[in-house]
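Okay, entry_34.pdb is below, PDB, C-alpha atoms and all ligand atoms:
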ATOM      1  CA  MET A 183     106.855  -6.544 -13.999  1.00  0.00           C
ATOM      2  CA  LYS A 184     106.580  -9.337 -16.477  1.00  0.00           C
ATOM      3  CA  ILE A 185     106.425 -13.096 -16.261  1.00  0.00           C
ATOM      4  CA  ILE A 186     108.384 -15.029 -18.836  1.00  0.00           C
ATOM      5  CA  CYS A 187     107.692 -18.740 -19.205  1.00  0.00           C
ATOM      6  CA  ILE A 188     109.897 -21.275 -20.952  1.00  0.00           C
ATOM      7  CA  GLY A 189     108.197 -24.134 -22.772  1.00  0.00           C
ATOM      8  CA  HIS A 190     109.479 -27.604 -23.671  1.00  0.00           C
ATOM      9  CA  ASN A 191     112.565 -27.317 -21.481  1.00  0.00           C
ATOM     10  CA  TYR A 192     112.630 -30.856 -20.055  1.00  0.00           C
ATOM     11  CA  PRO A 193     113.017 -33.428 -22.840  1.00  0.00           C
ATOM     12  CA  ALA A 194     110.756 -36.014 -21.150  1.00  0.00           C
ATOM     13  CA  HIS A 195     107.935 -33.444 -20.986  1.00  0.00           C
ATOM     14  CA  THR A 196     108.547 -32.349 -24.593  1.00  0.00           C
ATOM     15  CA  LYS A 197     108.107 -36.003 -25.536  1.00  0.00           C
ATOM     16  CA  GLU A 198     104.855 -36.392 -23.557  1.00  0.00           C
ATOM     17  CA  MET A 199     103.487 -33.362 -25.464  1.00  0.00           C
ATOM     18  CA  ASN A 200     104.531 -34.946 -28.802  1.00  0.00           C
ATOM     19  CA  ALA A 201     106.457 -31.745 -29.508  1.00  0.00           C
ATOM     20  CA  ALA A 202     109.733 -31.344 -31.364  1.00  0.00           C
ATOM     21  CA  VAL A 203     112.831 -30.768 -29.211  1.00  0.00           C
ATOM     22  CA  PRO A 204     113.503 -27.022 -29.611  1.00  0.00           C
ATOM     23  CA  ALA A 205     116.845 -25.759 -30.929  1.00  0.00           C
ATOM     24  CA  GLU A 206     116.572 -22.614 -28.790  1.00  0.00           C
ATOM     25  CA  PRO A 207     114.418 -21.760 -25.748  1.00  0.00           C
ATOM     26  CA  VAL A 208     110.692 -21.434 -26.482  1.00  0.00           C
ATOM     27  CA  PHE A 209     109.068 -18.727 -24.413  1.00  0.00           C
ATOM     28  CA  PHE A 210     105.822 -16.839 -23.855  1.00  0.00           C
ATOM     29  CA  LEU A 211     104.560 -14.231 -21.382  1.00  0.00           C
ATOM     30  CA  LYS A 212     101.915 -14.033 -18.699  1.00  0.00           C
ATOM     31  CA  PRO A 213     100.603 -10.723 -17.320  1.00  0.00           C
ATOM     32  CA  ASP A 214     100.859  -9.789 -13.624  1.00  0.00           C
ATOM     33  CA  THR A 215      97.116 -10.479 -13.296  1.00  0.00           C
ATOM     34  CA  SER A 216      97.902 -14.186 -13.676  1.00  0.00           C
ATOM     35  CA  LEU A 217      99.778 -14.259 -10.347  1.00  0.00           C
ATOM     36  CA  ILE A 218      98.342 -15.852  -7.224  1.00  0.00           C
ATOM     37  CA  ARG A 219     100.327 -15.254  -4.030  1.00  0.00           C
ATOM     38  CA  ASP A 220     100.123 -16.190  -0.360  1.00  0.00           C
ATOM     39  CA  ASN A 221      98.600 -19.627  -1.012  1.00  0.00           C
ATOM     40  CA  GLN A 222      95.321 -18.068  -2.094  1.00  0.00           C
ATOM     41  CA  PRO A 223      92.997 -20.517  -3.887  1.00  0.00           C
ATOM     42  CA  PHE A 224      92.872 -21.006  -7.645  1.00  0.00           C
ATOM     43  CA  TYR A 225      89.344 -20.648  -8.989  1.00  0.00           C
ATOM     44  CA  TYR A 226      88.686 -23.092 -11.814  1.00  0.00           C
ATOM     45  CA  PRO A 227      87.775 -20.943 -14.823  1.00  0.00           C
ATOM     46  CA  THR A 228      84.463 -21.419 -16.611  1.00  0.00           C
ATOM     47  CA  PHE A 229      86.021 -21.314 -20.095  1.00  0.00           C
ATOM     48  CA  SER A 230      87.973 -24.565 -19.784  1.00  0.00           C
ATOM     49  CA  LYS A 231      87.245 -28.178 -18.958  1.00  0.00           C
ATOM     50  CA  GLU A 232      90.872 -29.257 -18.885  1.00  0.00           C
ATOM     51  CA  ILE A 233      93.181 -27.222 -16.662  1.00  0.00           C
ATOM     52  CA  HIS A 234      96.591 -28.889 -16.295  1.00  0.00           C
ATOM     53  CA  HIS A 235      99.225 -28.350 -13.617  1.00  0.00           C
ATOM     54  CA  GLU A 236     102.816 -27.657 -14.710  1.00  0.00           C
ATOM     55  CA  VAL A 237     105.103 -27.255 -11.701  1.00  0.00           C
ATOM     56  CA  GLU A 238     108.196 -25.166 -12.443  1.00  0.00           C
ATOM     57  CA  LEU A 239     111.200 -23.602 -10.747  1.00  0.00           C
ATOM     58  CA  VAL A 240     110.920 -19.810 -10.912  1.00  0.00           C
ATOM     59  CA  LEU A 241     113.758 -17.276 -11.007  1.00  0.00           C
ATOM     60  CA  LYS A 242     113.306 -13.782  -9.602  1.00  0.00           C
ATOM     61  CA  ILE A 243     115.331 -11.177 -11.522  1.00  0.00           C
ATOM     62  CA  ASN A 244     117.249  -8.824  -9.206  1.00  0.00           C
ATOM     63  CA  LYS A 245     118.531  -6.146 -11.598  1.00  0.00           C
ATOM     64  CA  ALA A 246     117.954  -4.734 -15.038  1.00  0.00           C
ATOM     65  CA  GLY A 247     119.833  -6.228 -17.955  1.00  0.00           C
ATOM     66  CA  LYS A 248     119.796  -6.554 -21.721  1.00  0.00           C
ATOM     67  CA  ASN A 249     121.875  -8.831 -23.954  1.00  0.00           C
ATOM     68  CA  ILE A 250     123.226 -10.581 -20.871  1.00  0.00           C
ATOM     69  CA  GLN A 251     126.085 -12.963 -21.571  1.00  0.00           C
ATOM     70  CA  THR A 252     125.631 -16.521 -20.335  1.00  0.00           C
ATOM     71  CA  GLN A 253     128.736 -16.314 -18.142  1.00  0.00           C
ATOM     72  CA  PHE A 254     127.281 -13.340 -16.219  1.00  0.00           C
ATOM     73  CA  ALA A 255     123.642 -14.491 -16.160  1.00  0.00           C
ATOM     74  CA  ASN A 256     123.909 -15.924 -12.627  1.00  0.00           C
ATOM     75  CA  LYS A 257     124.373 -12.373 -11.319  1.00  0.00           C
ATOM     76  CA  TYR A 258     120.859 -11.448 -12.436  1.00  0.00           C
ATOM     77  CA  TYR A 259     118.950 -13.577  -9.924  1.00  0.00           C
ATOM     78  CA  ASP A 260     119.391 -14.246  -6.206  1.00  0.00           C
ATOM     79  CA  GLU A 261     116.221 -16.116  -5.435  1.00  0.00           C
ATOM     80  CA  ILE A 262     114.549 -19.254  -6.691  1.00  0.00           C
ATOM     81  CA  GLY A 263     110.952 -20.209  -6.044  1.00  0.00           C
ATOM     82  CA  ILE A 264     108.340 -22.601  -7.328  1.00  0.00           C
ATOM     83  CA  GLY A 265     105.144 -21.946  -9.223  1.00  0.00           C
ATOM     84  CA  ILE A 266     102.455 -23.547 -11.326  1.00  0.00           C
ATOM     85  CA  ASP A 267     102.123 -22.699 -15.011  1.00  0.00           C
ATOM     86  CA  PHE A 268      98.421 -23.504 -15.178  1.00  0.00           C
ATOM     87  CA  THR A 269      97.415 -24.345 -18.726  1.00  0.00           C
ATOM     88  CA  ALA A 270      93.968 -24.683 -20.266  1.00  0.00           C
ATOM     89  CA  ARG A 271      95.045 -27.700 -22.314  1.00  0.00           C
ATOM     90  CA  ASP A 272      91.786 -27.832 -24.275  1.00  0.00           C
ATOM     91  CA  LEU A 273      92.149 -24.208 -25.385  1.00  0.00           C
ATOM     92  CA  GLN A 274      95.864 -24.665 -26.053  1.00  0.00           C
ATOM     93  CA  ALA A 275      95.143 -27.639 -28.337  1.00  0.00           C
ATOM     94  CA  GLU A 276      92.645 -25.513 -30.260  1.00  0.00           C
ATOM     95  CA  CYS A 277      95.149 -22.642 -30.574  1.00  0.00           C
ATOM     96  CA  LYS A 278      97.895 -25.017 -31.742  1.00  0.00           C
ATOM     97  CA  LYS A 279      95.591 -26.552 -34.342  1.00  0.00           C
ATOM     98  CA  LYS A 280      94.665 -23.143 -35.738  1.00  0.00           C
ATOM     99  CA  GLY A 281      98.186 -21.735 -35.451  1.00  0.00           C
ATOM    100  CA  LEU A 282      96.969 -19.042 -33.029  1.00  0.00           C
ATOM    101  CA  PRO A 283      98.834 -17.573 -30.041  1.00  0.00           C
ATOM    102  CA  TRP A 284      98.561 -19.395 -26.680  1.00  0.00           C
ATOM    103  CA  GLU A 285      97.656 -16.492 -24.365  1.00  0.00           C
ATOM    104  CA  LYS A 286      94.060 -17.608 -23.862  1.00  0.00           C
ATOM    105  CA  ALA A 287      95.339 -20.957 -22.616  1.00  0.00           C
ATOM    106  CA  LYS A 288      98.310 -19.744 -20.560  1.00  0.00           C
ATOM    107  CA  ALA A 289      97.919 -16.118 -19.479  1.00  0.00           C
ATOM    108  CA  PHE A 290      94.462 -15.998 -17.909  1.00  0.00           C
ATOM    109  CA  ASP A 291      93.766 -14.668 -14.402  1.00  0.00           C
ATOM    110  CA  GLY A 292      95.189 -16.994 -11.781  1.00  0.00           C
ATOM    111  CA  ALA A 293      97.314 -18.997 -14.233  1.00  0.00           C
ATOM    112  CA  ALA A 294     100.520 -18.386 -12.242  1.00  0.00           C
ATOM    113  CA  PRO A 295     100.401 -19.280  -8.528  1.00  0.00           C
ATOM    114  CA  ILE A 296     103.813 -18.703  -6.932  1.00  0.00           C
ATOM    115  CA  GLY A 297     105.183 -19.656  -3.548  1.00  0.00           C
ATOM    116  CA  ASN A 298     107.862 -18.211  -1.329  1.00  0.00           C
ATOM    117  CA  PHE A 299     111.333 -17.693  -2.756  1.00  0.00           C
ATOM    118  CA  ILE A 300     114.571 -18.882  -1.229  1.00  0.00           C
ATOM    119  CA  ASN A 301     118.070 -17.534  -1.601  1.00  0.00           C
ATOM    120  CA  LYS A 302     120.057 -19.431  -4.204  1.00  0.00           C
ATOM    121  CA  LYS A 303     123.008 -19.548  -1.774  1.00  0.00           C
ATOM    122  CA  GLN A 304     121.036 -22.265  -0.020  1.00  0.00           C
ATOM    123  CA  PHE A 305     121.894 -24.597  -2.910  1.00  0.00           C
ATOM    124  CA  ALA A 306     125.299 -26.161  -3.420  1.00  0.00           C
ATOM    125  CA  ASP A 307     124.575 -26.224  -7.157  1.00  0.00           C
ATOM    126  CA  VAL A 308     121.617 -24.482  -8.835  1.00  0.00           C
ATOM    127  CA  ASN A 309     121.986 -26.973 -11.677  1.00  0.00           C
ATOM    128  CA  ASN A 310     121.024 -29.785  -9.321  1.00  0.00           C
ATOM    129  CA  ILE A 311     117.827 -28.781  -7.521  1.00  0.00           C
ATOM    130  CA  ASN A 312     115.086 -31.316  -6.854  1.00  0.00           C
ATOM    131  CA  PHE A 313     111.469 -30.188  -6.883  1.00  0.00           C
ATOM    132  CA  HIS A 314     108.082 -31.834  -6.946  1.00  0.00           C
ATOM    133  CA  LEU A 315     104.337 -31.308  -6.913  1.00  0.00           C
ATOM    134  CA  ALA A 316     101.855 -33.304  -4.854  1.00  0.00           C
ATOM    135  CA  VAL A 317      98.131 -33.289  -5.604  1.00  0.00           C
ATOM    136  CA  ASN A 318      95.992 -34.454  -2.680  1.00  0.00           C
ATOM    137  CA  GLY A 319      99.113 -35.866  -1.043  1.00  0.00           C
ATOM    138  CA  SER A 320     100.361 -37.932  -4.015  1.00  0.00           C
ATOM    139  CA  ILE A 321     103.440 -36.887  -5.953  1.00  0.00           C
ATOM    140  CA  VAL A 322     102.455 -36.216  -9.582  1.00  0.00           C
ATOM    141  CA  GLN A 323     105.511 -34.405 -10.953  1.00  0.00           C
ATOM    142  CA  LYS A 324     109.168 -34.647  -9.954  1.00  0.00           C
ATOM    143  CA  GLY A 325     111.997 -32.733 -11.556  1.00  0.00           C
ATOM    144  CA  ASN A 326     115.620 -31.744 -11.163  1.00  0.00           C
ATOM    145  CA  SER A 327     117.217 -28.683 -12.751  1.00  0.00           C
ATOM    146  CA  LYS A 328     120.064 -30.889 -14.034  1.00  0.00           C
ATOM    147  CA  ASP A 329     117.586 -32.176 -16.634  1.00  0.00           C
ATOM    148  CA  LEU A 330     116.861 -28.730 -18.076  1.00  0.00           C
ATOM    149  CA  GLN A 331     117.519 -28.584 -21.782  1.00  0.00           C
ATOM    150  CA  PHE A 332     118.428 -24.891 -21.408  1.00  0.00           C
ATOM    151  CA  SER A 333     120.015 -23.969 -18.064  1.00  0.00           C
ATOM    152  CA  PHE A 334     118.927 -20.966 -15.988  1.00  0.00           C
ATOM    153  CA  ASP A 335     121.884 -19.012 -17.351  1.00  0.00           C
ATOM    154  CA  ALA A 336     121.156 -19.989 -20.960  1.00  0.00           C
ATOM    155  CA  ILE A 337     117.509 -18.921 -20.515  1.00  0.00           C
ATOM    156  CA  ILE A 338     118.447 -15.502 -19.096  1.00  0.00           C
ATOM    157  CA  ALA A 339     120.963 -14.910 -21.874  1.00  0.00           C
ATOM    158  CA  HIS A 340     118.488 -15.866 -24.586  1.00  0.00           C
ATOM    159  CA  VAL A 341     115.435 -14.051 -23.266  1.00  0.00           C
ATOM    160  CA  SER A 342     117.424 -10.837 -22.630  1.00  0.00           C
ATOM    161  CA  ILE A 343     118.222 -10.614 -26.352  1.00  0.00           C
ATOM    162  CA  PHE A 344     114.553  -9.782 -26.882  1.00  0.00           C
ATOM    163  CA  PHE A 345     113.416  -8.229 -23.591  1.00  0.00           C
ATOM    164  CA  THR A 346     115.133  -5.937 -21.127  1.00  0.00           C
ATOM    165  CA  LEU A 347     114.920  -7.822 -17.849  1.00  0.00           C
ATOM    166  CA  LYS A 348     113.916  -5.711 -14.873  1.00  0.00           C
ATOM    167  CA  THR A 349     114.025  -6.150 -11.120  1.00  0.00           C
ATOM    168  CA  GLY A 350     111.106  -8.278  -9.984  1.00  0.00           C
ATOM    169  CA  ASP A 351     110.513 -10.001 -13.313  1.00  0.00           C
ATOM    170  CA  LEU A 352     109.867 -13.717 -12.961  1.00  0.00           C
ATOM    171  CA  ILE A 353     111.024 -16.533 -15.205  1.00  0.00           C
ATOM    172  CA  PHE A 354     109.189 -19.859 -15.115  1.00  0.00           C
ATOM    173  CA  THR A 355     111.859 -22.274 -16.300  1.00  0.00           C
ATOM    174  CA  GLY A 356     109.776 -25.146 -17.703  1.00  0.00           C
ATOM    175  CA  THR A 357     107.958 -28.186 -16.393  1.00  0.00           C
ATOM    176  CA  PRO A 358     109.169 -31.775 -16.032  1.00  0.00           C
ATOM    177  CA  VAL A 359     107.213 -34.810 -17.215  1.00  0.00           C
ATOM    178  CA  GLY A 360     103.901 -35.706 -15.553  1.00  0.00           C
ATOM    179  CA  VAL A 361     101.560 -32.824 -16.328  1.00  0.00           C
ATOM    180  CA  GLY A 362      97.912 -33.621 -15.763  1.00  0.00           C
ATOM    181  CA  PRO A 363      94.465 -32.268 -14.923  1.00  0.00           C
ATOM    182  CA  VAL A 364      93.365 -30.614 -11.692  1.00  0.00           C
ATOM    183  CA  ASN A 365      89.838 -30.658 -10.334  1.00  0.00           C
ATOM    184  CA  ILE A 366      87.806 -28.506  -7.996  1.00  0.00           C
ATOM    185  CA  GLY A 367      88.626 -29.546  -4.438  1.00  0.00           C
ATOM    186  CA  ASP A 368      92.221 -30.583  -5.174  1.00  0.00           C
ATOM    187  CA  LYS A 369      95.005 -29.527  -2.818  1.00  0.00           C
ATOM    188  CA  LEU A 370      98.303 -28.692  -4.523  1.00  0.00           C
ATOM    189  CA  GLU A 371     101.602 -28.624  -2.620  1.00  0.00           C
ATOM    190  CA  ALA A 372     104.905 -27.759  -4.298  1.00  0.00           C
ATOM    191  CA  TYR A 373     108.339 -28.389  -2.836  1.00  0.00           C
ATOM    192  CA  ILE A 374     111.924 -27.472  -3.533  1.00  0.00           C
ATOM    193  CA  GLU A 375     114.002 -30.270  -2.019  1.00  0.00           C
ATOM    194  CA  GLU A 376     112.139 -31.006   1.253  1.00  0.00           C
ATOM    195  CA  GLN A 377     110.847 -27.468   1.722  1.00  0.00           C
ATOM    196  CA  LYS A 378     107.162 -26.818   1.007  1.00  0.00           C
ATOM    197  CA  LEU A 379     106.892 -23.388  -0.618  1.00  0.00           C
ATOM    198  CA  LEU A 380     103.422 -23.446  -2.120  1.00  0.00           C
ATOM    199  CA  ASP A 381     100.184 -24.925  -0.749  1.00  0.00           C
ATOM    200  CA  PHE A 382      96.766 -24.022  -2.114  1.00  0.00           C
ATOM    201  CA  GLU A 383      93.380 -25.373  -3.171  1.00  0.00           C
ATOM    202  CA  VAL A 384      91.464 -25.458  -6.414  1.00  0.00           C
ATOM    203  CA  LYS A 385      87.996 -24.012  -5.874  1.00  0.00           C
TER
HETATM  204 MG    MG B 401     105.107 -24.585 -18.570  1.00  0.00          MG
END

How does the structure come out when it is put into structure tokens?
Ligand code: MG
Amino acid sequence: MKIICIGHNYPAHTKEMNAAVPAEPVFFLKPDTSLIRDNQPFYYPTFSKEIHHEVELVLKINKAGKNIQTQFANKYYDEIGIGIDFTARDLQAECKKKGLPWEKAKAFDGAAPIGNFINKKQFADVNNINFHLAVNGSIVQKGNSKDLQFSFDAIIAHVSIFFTLKTGDLIFTGTPVGVGPVNIGDKLEAYIEEQKLLDFEVK
């Protein structure tokens, strides 16, 4: 399976990163070794001094598809979850400066904790889903899928031009404004609407 992550997909976050608003979805990959499941702890890596949280809604692909048309894209996922796109911001800044790829900063072991998934039928409208992240009990990031620059369906259509999507692939759909550092000892809790789906510690 593969993990596809969309960058700069909430305009307010794009602005906080001083990045240009993209004309088409920006994406990158993480390997399966970046996943953390079952609320297992995230171990702060030794190679970074600035790990940032990016809370994101995550789509789970339910069948194979290539060149999927936007109008049919909703048939390619049944479940939505929440995850953290952990980013070594210090390494990412270095990569950006040198024009190098971001993998070191985005795709390392443990860089993709994911929570439980819920059936999308639970939502009246997938383009209006509230989610948030609390660190040590305080809300640090709040988003709603209505603010996505590229909708779930637009993302699936675009990404499937380049990659065959397969059952079990995950798509991180982008983070809202409010990214920031985590520290050893922090407790992270991520919610979709009022439902807590992810709860783990930084060790
Ligand atoms: Mg992200």

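Closest approach to Gly263 in chain A from the set A:Lys328, A:Lys197, A:Lys369, A:Lys242 is made by A:Lys242, with distances taken over only C-alpha atoms.
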
*Of the candidates A:Phe382, A:Phe313, A:Phe268, A:Phe254, which shows the shortest atom-to-atom distance to ligand MG 401 (chain B), using all atoms listed in the file?*
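Closest residue, counting all atoms listed in the file: A:Phe268.
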
*asked:* What residues of the protein or nucleic acid chains come within 6 Å of ligand MG 401 (chain B) when you use only C-alpha atoms and all ligand atoms? Reply as a ChimeraX atom specification.
replied: /A:189,236,267,356-357

Return as a tab-separated table the residues of range 197-259 of chain A lying at most 10 Å from range 281-299 of chain A, together with the closest atom-to-atom pair for each and the distance in Å to one decimal, counting all atoms listed in the file, with rows in chain order and ascending residue number.
residue	atom	partner	partner_atom	distance
A:Phe210	CA	A:Glu285	CA	8.2
A:Leu211	CA	A:Ala289	CA	7.2
A:Lys212	CA	A:Ala289	CA	4.6
A:Pro213	CA	A:Ala289	CA	6.4
A:Asp214	CA	A:Asp291	CA	8.6
A:Thr215	CA	A:Asp291	CA	5.5
A:Ser216	CA	A:Asp291	CA	4.2
A:Leu217	CA	A:Ala294	CA	4.6
A:Ile218	CA	A:Pro295	CA	4.2
A:Arg219	CA	A:Ile296	CA	5.7
A:Asp220	CA	A:Gly297	CA	6.9
A:Asn221	CA	A:Gly297	CA	7.1
A:Gln222	CA	A:Pro295	CA	8.3
A:Pro223	CA	A:Pro295	CA	8.8
A:Phe224	CA	A:Gly292	CA	6.2
A:Tyr225	CA	A:Gly292	CA	7.4
A:Tyr226	CA	A:Gly292	CA	8.9
A:Pro227	CA	A:Asp291	CA	8.7
A:Phe229	CA	A:Lys286	CA	9.6
A:Ser230	CA	A:Ala287	CA	8.7
A:Ile233	CA	A:Ala287	CA	8.9
A:His235	CA	A:Ala293	CA	9.6
A:Glu236	CA	A:Ala294	CA	9.9
A:Val237	CA	A:Pro295	CA	9.8
A:Glu238	CA	A:Ile296	CA	9.6
A:Leu239	CA	A:Ile296	CA	9.6
A:Val240	CA	A:Ile296	CA	8.2
A:Leu241	CA	A:Phe299	CA	8.6
A:Lys242	CA	A:Phe299	CA	8.1

Output file for the selection above: C-alpha atoms, as a compact mmCIF listing (two decimals), in the coordinates of the input:
# COMPACT_ATOMS: atom_id res chain seq x y z
CA PHE A 210 105.82 -16.84 -23.86
CA LEU A 211 104.56 -14.23 -21.38
CA LYS A 212 101.92 -14.03 -18.70
CA PRO A 213 100.60 -10.72 -17.32
CA ASP A 214 100.86 -9.79 -13.62
CA THR A 215 97.12 -10.48 -13.30
CA SER A 216 97.90 -14.19 -13.68
CA LEU A 217 99.78 -14.26 -10.35
CA ILE A 218 98.34 -15.85 -7.22
CA ARG A 219 100.33 -15.25 -4.03
CA ASP A 220 100.12 -16.19 -0.36
CA ASN A 221 98.60 -19.63 -1.01
CA GLN A 222 95.32 -18.07 -2.09
CA PRO A 223 93.00 -20.52 -3.89
CA PHE A 224 92.87 -21.01 -7.64
CA TYR A 225 89.34 -20.65 -8.99
CA TYR A 226 88.69 -23.09 -11.81
CA PRO A 227 87.78 -20.94 -14.82
CA PHE A 229 86.02 -21.31 -20.10
CA SER A 230 87.97 -24.56 -19.78
CA ILE A 233 93.18 -27.22 -16.66
CA HIS A 235 99.22 -28.35 -13.62
CA GLU A 236 102.82 -27.66 -14.71
CA VAL A 237 105.10 -27.26 -11.70
CA GLU A 238 108.20 -25.17 -12.44
CA LEU A 239 111.20 -23.60 -10.75
CA VAL A 240 110.92 -19.81 -10.91
CA LEU A 241 113.76 -17.28 -11.01
CA LYS A 242 113.31 -13.78 -9.60

*asked:* Between CA of Glu261 in chain A and CA of Leu330 in chain A, what is the distance in Å, rounded to a tenth?
replied: 17.9 Å

*Can you work out which one of A:Ala339, A:Leu315, A:Met199, A:Val359 has the shortest atom-to-atom distance to Ala372 in chain A, counting all atoms listed in the file?*
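Closest candidate: A:Leu315.
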
_Once the PyMOL selection byres (((chain A and resi 190) around 8) and not hetatm) has been evaluated on this model, what residues remain selected, and can you format them as a PyMOL selection string?_
chain A and resi 188-189+191-193+195-196+201+203-204+207-208+356-357

_List the spatial neighbours of Asn326 in chain A as a list in words - criterion: any atom at most 6 Å away, all atoms listed in the file, same-chain residues fewer than 3 positions off excluded._
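Surrounding residues, per the criterion: Ile311, Asn312 and Asp329 of chain A.
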
*asked:* Rounded to one decimal, what separation in Å do you get between CA of Glu232 in chain A and CA of Gly367 in chain A?
replied: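 Between these atoms lies a distance of 14.6 Å.
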